[in-house]
Each structure stands twice: as structure tokens, then as C-alpha cells.
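J.: Below is the structure I would like to discuss, written out as C-alpha cells.
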Amino acid sequence: MPHFPVNGFNMHVVTRGDGPPLLLVHGFPLDHSMWSAQIDDLAKSYTVIAPDLRGFGQSEIVDGPVTMQTYADDLAALLDAMGISDPVHLCGLSMGGYIAWAFVEQHRDRLASLILCDTRATADNEAARKTRELTAQRVLREGPDFLASDLIDKLFVKSTREQRPEIIEQTKQVIRSTHPTTIAAASRAMAARPDVTDRLPSIDLPTLIIVGEHDAISPPSEMHEIADALPHATFVEIKDAGHMAPLERPEPVNAAIEHYLETLH
Ligand code: MLT
């Protein structure tokens, strides 16, 4: 699998298909494999680019603090390294959505549209920031195993947990194999992310908002508010899904993305 030298580290990326570029940005603390049910399907019409953010998956581990802007700048540098100059459709889930806001801020001219899955526009409150810091300290002390158990109930709806043991196990495995330094840096970066609510009305990009009906982290009501504040948003709620809608219910998610992108081309 190819790696590209990007901002001082080797970034791993899975690329498939041909057509307009579609960049898939994973959530925390995961990797490109959370898009496994999207990559081949969407590659029928698009050049799908699914990287592992710095330190995650098969990308090189990098020491030092990061921000959402760091990850966004890495993605822009990856596009440069891959020779992709056409505007991209940027699809981010959760932390991938936080990174999308940062990408809009610094690299707006590289974007054709946004697809925001199960994400938020607000910053963390004080309690959430403290929890992130405790998570960072604990993962550095103990490793990531506790997170694999703690997060599953928040990420997946009950029916997925009962009926799709393979995706639960796959997700736990990804979390368990993520380096503590990477998880701690991302946790602290999310705690420090800005509130972008006031910026939403000025984001003049076509945007598809996708949210799982039972998302416990970024619920439909909150994502509705984002869609209402954006000038050009389309809102799609996915039945019987939680925070990991693309992994839990790929058919309706892929159909929503394909249909939406068709209207833009
Ligand atoms: C994610 O899925 O990326 C995380 O749940 C985001 C968060 O913890 O805010």
C-alpha cells in the first residue's frame, strides 16, 4: 500500500477508482478501514482517497502536539504529493468533520463539496475537555485497551452491537492497535478545537449532512442545526444507525452520497 512523504512523515493512503476525487477522512481513534464499505462502491464513479491520519493506521507515528489544522494541512499536502489539483469532495466522519472545518478555513479553494457524517460544529465544554485530558493521560499510562471497551457503546447502536459482531471486533482491533501517543495527541487536539458555529453561514460549499438516527455523540437534532445554518446543505438521517453510520448501514449511506454527488456533476 502506498505511502507519501507529507509534512515530515510518511502518510499511508488507500486509493481506488477513477473520476472526481473523493477524500474520506476517518474518525477517532480509527483509520481508513472504517470506510471499507464505501471505498470499492464509491470507486465506481470517483477516485476514492482514504488516508490514515498522522500516527493512525499504517501512517508513521509522529511525536508532538497537533491541532485539527495540522491534520487538515497534512491532507492538503497529501493531495499535492499525489498530484491531485482538481477540487475534492471531502467526506469526514466525526473528528474527520472537525478536520473538514479546518480544511475549509485554510484550503477552501481545493474543495468541491463537503460530506459531513456524524460530527459537530461546537467546541467541547469544560467537562468534556477534562475527560479528553484524562483519556490522554490514561492511554499514555495504560495503552488503548480500555478505550476499545469504553467507546463501543457510544459508537454503535444496540442492533449493530448485537447483530454485527465482526464490525465491532474490527473496530476494537483498530483502537487496540493505535499508538498511545497518537491517541493522546488527537484527544488533546479535539479538546482544543474551536467552535465553528458562527462560521457556518459563510461556508458556501454544497454540503451533505449524514447522521445516524441514534447517534449518541452528535445526535440528529444537533446536525439539523448545522444543516440549517449552512447556506447549501442537504440533510439525510440514516435509520437504525448510531455514530458510525457508514460502517453500520453502508447501503443507505452510499446511496445518499452517490445520489448527492450525482446532482453536483
Ligand atoms: C469520533 O468519532 O471521531 C469521535 O467520537 C469524536 C469525538 O470524540 O468528539
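Note on naming: chains are A, B, ... as they come in the C-alpha cells, residues start from 1 per chain, ligands start from 1 in the order shown.
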Assign secondary structure with DSSP using the backbone only, and return the residues of range 65-130 of chain A in helix (DSSP H, G or I) as a VMD selection string.
T.: chain A and resid 68 to 82 95 to 110 126 to 130
J.: Could you give me, as an MDAnalysis selection string, each residue of range 93-247 of chain A that DSSP assigns to strand (DSSP E or B) when run on this structure's backbone?
T.: chainID A and resid 93 111:117 207:212 233:238
J.: Using only C-alpha atoms for the distances, tell me which of A:Gly83, A:Pro51, A:Gly97, A:Gly64 is nearest to Leu208 in chain A.
T.: A:Gly97
J.: Which residue gives the smallest distance to ligand 1 among A:Asp150, A:Asp41, A:Asp86, A:Glu237, with only C-alpha atoms and all ligand atoms counted?
T.: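 Looking only at the distances to ligand 1, the closest residue turns out to be A:Asp150.
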J.: Using only C-alpha atoms and all ligand atoms for the distances, tell me which of A:Asp204, A:Glu258, A:Glu248, A:Asp124 is nearest to ligand 1.
T.: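 Of the candidates, the smallest distance to ligand 1 is held by A:Asp124.
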J.: Please find the residues contacting ligand 1 at a distance of at most 6 Å between atoms, with only C-alpha atoms and all ligand atoms counted, and report them as number ranges by chain.
T.: A: 27-28, 94-95
J.: Between A:Ala136, A:Ile210, A:Ala123, A:Val25, which one has atoms that come closest to Pro180 in chain A, using only C-alpha atoms?
T.: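 Ranking A:Ala136, A:Ile210, A:Ala123, A:Val25 by distance to Pro180 in chain A, first place goes to A:Ala136.
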J.: Which residues come within 6 Å of range 103-118 of chain A, counting only C-alpha atoms, excluding same-chain residues fewer than 3 positions away, as JSON, numbers by chain?
T.: {"A": [72, 87, 88, 89, 90, 91, 92, 93, 94, 97, 100, 205, 206, 207, 208, 209, 210, 211, 218, 243]}
J.: Please measure the separation of CA of Phe9 in chain A and CA of Ser177 in chain A, giving the value in Å to one decimal.
T.: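 Atom-to-atom, CA of Phe9 in chain A to CA of Ser177 in chain A, that is 19.1 Å.
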J.: What's around Met68 in chain A at 6 Å? Count only C-alpha atoms, leave out sequence neighbours fewer than 2 positions away in its own chain, and write the answer as a VMD selection string.
T.: chain A and resid 70 to 71 99
J.: Convert the current residue selection to file output with all heavy atoms, as a PDB file, in the first residue's frame.
T.:
ATOM      1  N   THR A  70      -3.481  20.936  11.870  1.00  0.00           N
ATOM      2  CA  THR A  70      -2.340  20.086  11.475  1.00  0.00           C
ATOM      3  C   THR A  70      -2.825  18.961  10.558  1.00  0.00           C
ATOM      4  O   THR A  70      -2.247  18.694   9.499  1.00  0.00           O
ATOM      5  CB  THR A  70      -1.666  19.433  12.714  1.00  0.00           C
ATOM      6  OG1 THR A  70      -1.471  20.409  13.722  1.00  0.00           O
ATOM      7  CG2 THR A  70      -0.380  18.746  12.361  1.00  0.00           C
ATOM      8  N   TYR A  71      -3.900  18.292  11.004  1.00  0.00           N
ATOM      9  CA  TYR A  71      -4.415  17.174  10.194  1.00  0.00           C
ATOM     10  C   TYR A  71      -4.898  17.678   8.834  1.00  0.00           C
ATOM     11  O   TYR A  71      -4.687  17.029   7.802  1.00  0.00           O
ATOM     12  CB  TYR A  71      -5.584  16.487  10.910  1.00  0.00           C
ATOM     13  CG  TYR A  71      -5.224  15.772  12.192  1.00  0.00           C
ATOM     14  CD1 TYR A  71      -5.931  16.023  13.375  1.00  0.00           C
ATOM     15  CD2 TYR A  71      -4.236  14.792  12.227  1.00  0.00           C
ATOM     16  CE1 TYR A  71      -5.639  15.354  14.552  1.00  0.00           C
ATOM     17  CE2 TYR A  71      -3.935  14.111  13.407  1.00  0.00           C
ATOM     18  CZ  TYR A  71      -4.645  14.400  14.571  1.00  0.00           C
ATOM     19  OH  TYR A  71      -4.363  13.729  15.730  1.00  0.00           O
ATOM     20  N   ILE A  99     -11.945  18.115  11.281  1.00  0.00           N
ATOM     21  CA  ILE A  99     -10.820  18.409  10.382  1.00  0.00           C
ATOM     22  C   ILE A  99     -11.334  19.102   9.111  1.00  0.00           C
ATOM     23  O   ILE A  99     -10.681  20.001   8.573  1.00  0.00           O
ATOM     24  CB  ILE A  99     -10.057  17.096  10.055  1.00  0.00           C
ATOM     25  CG1 ILE A  99      -9.420  16.538  11.343  1.00  0.00           C
ATOM     26  CG2 ILE A  99      -9.005  17.320   8.975  1.00  0.00           C
ATOM     27  CD1 ILE A  99      -8.921  15.106  11.232  1.00  0.00           C
TER      28      ILE A  99
END
J.: Quick one: residues within 10 Å of Ser85 in chain A, only C-alpha atoms counted, chain neighbours fewer than 4 positions away excluded, as a PyMOL selection string?
T.: chain A and resi 21+76+79-80+110
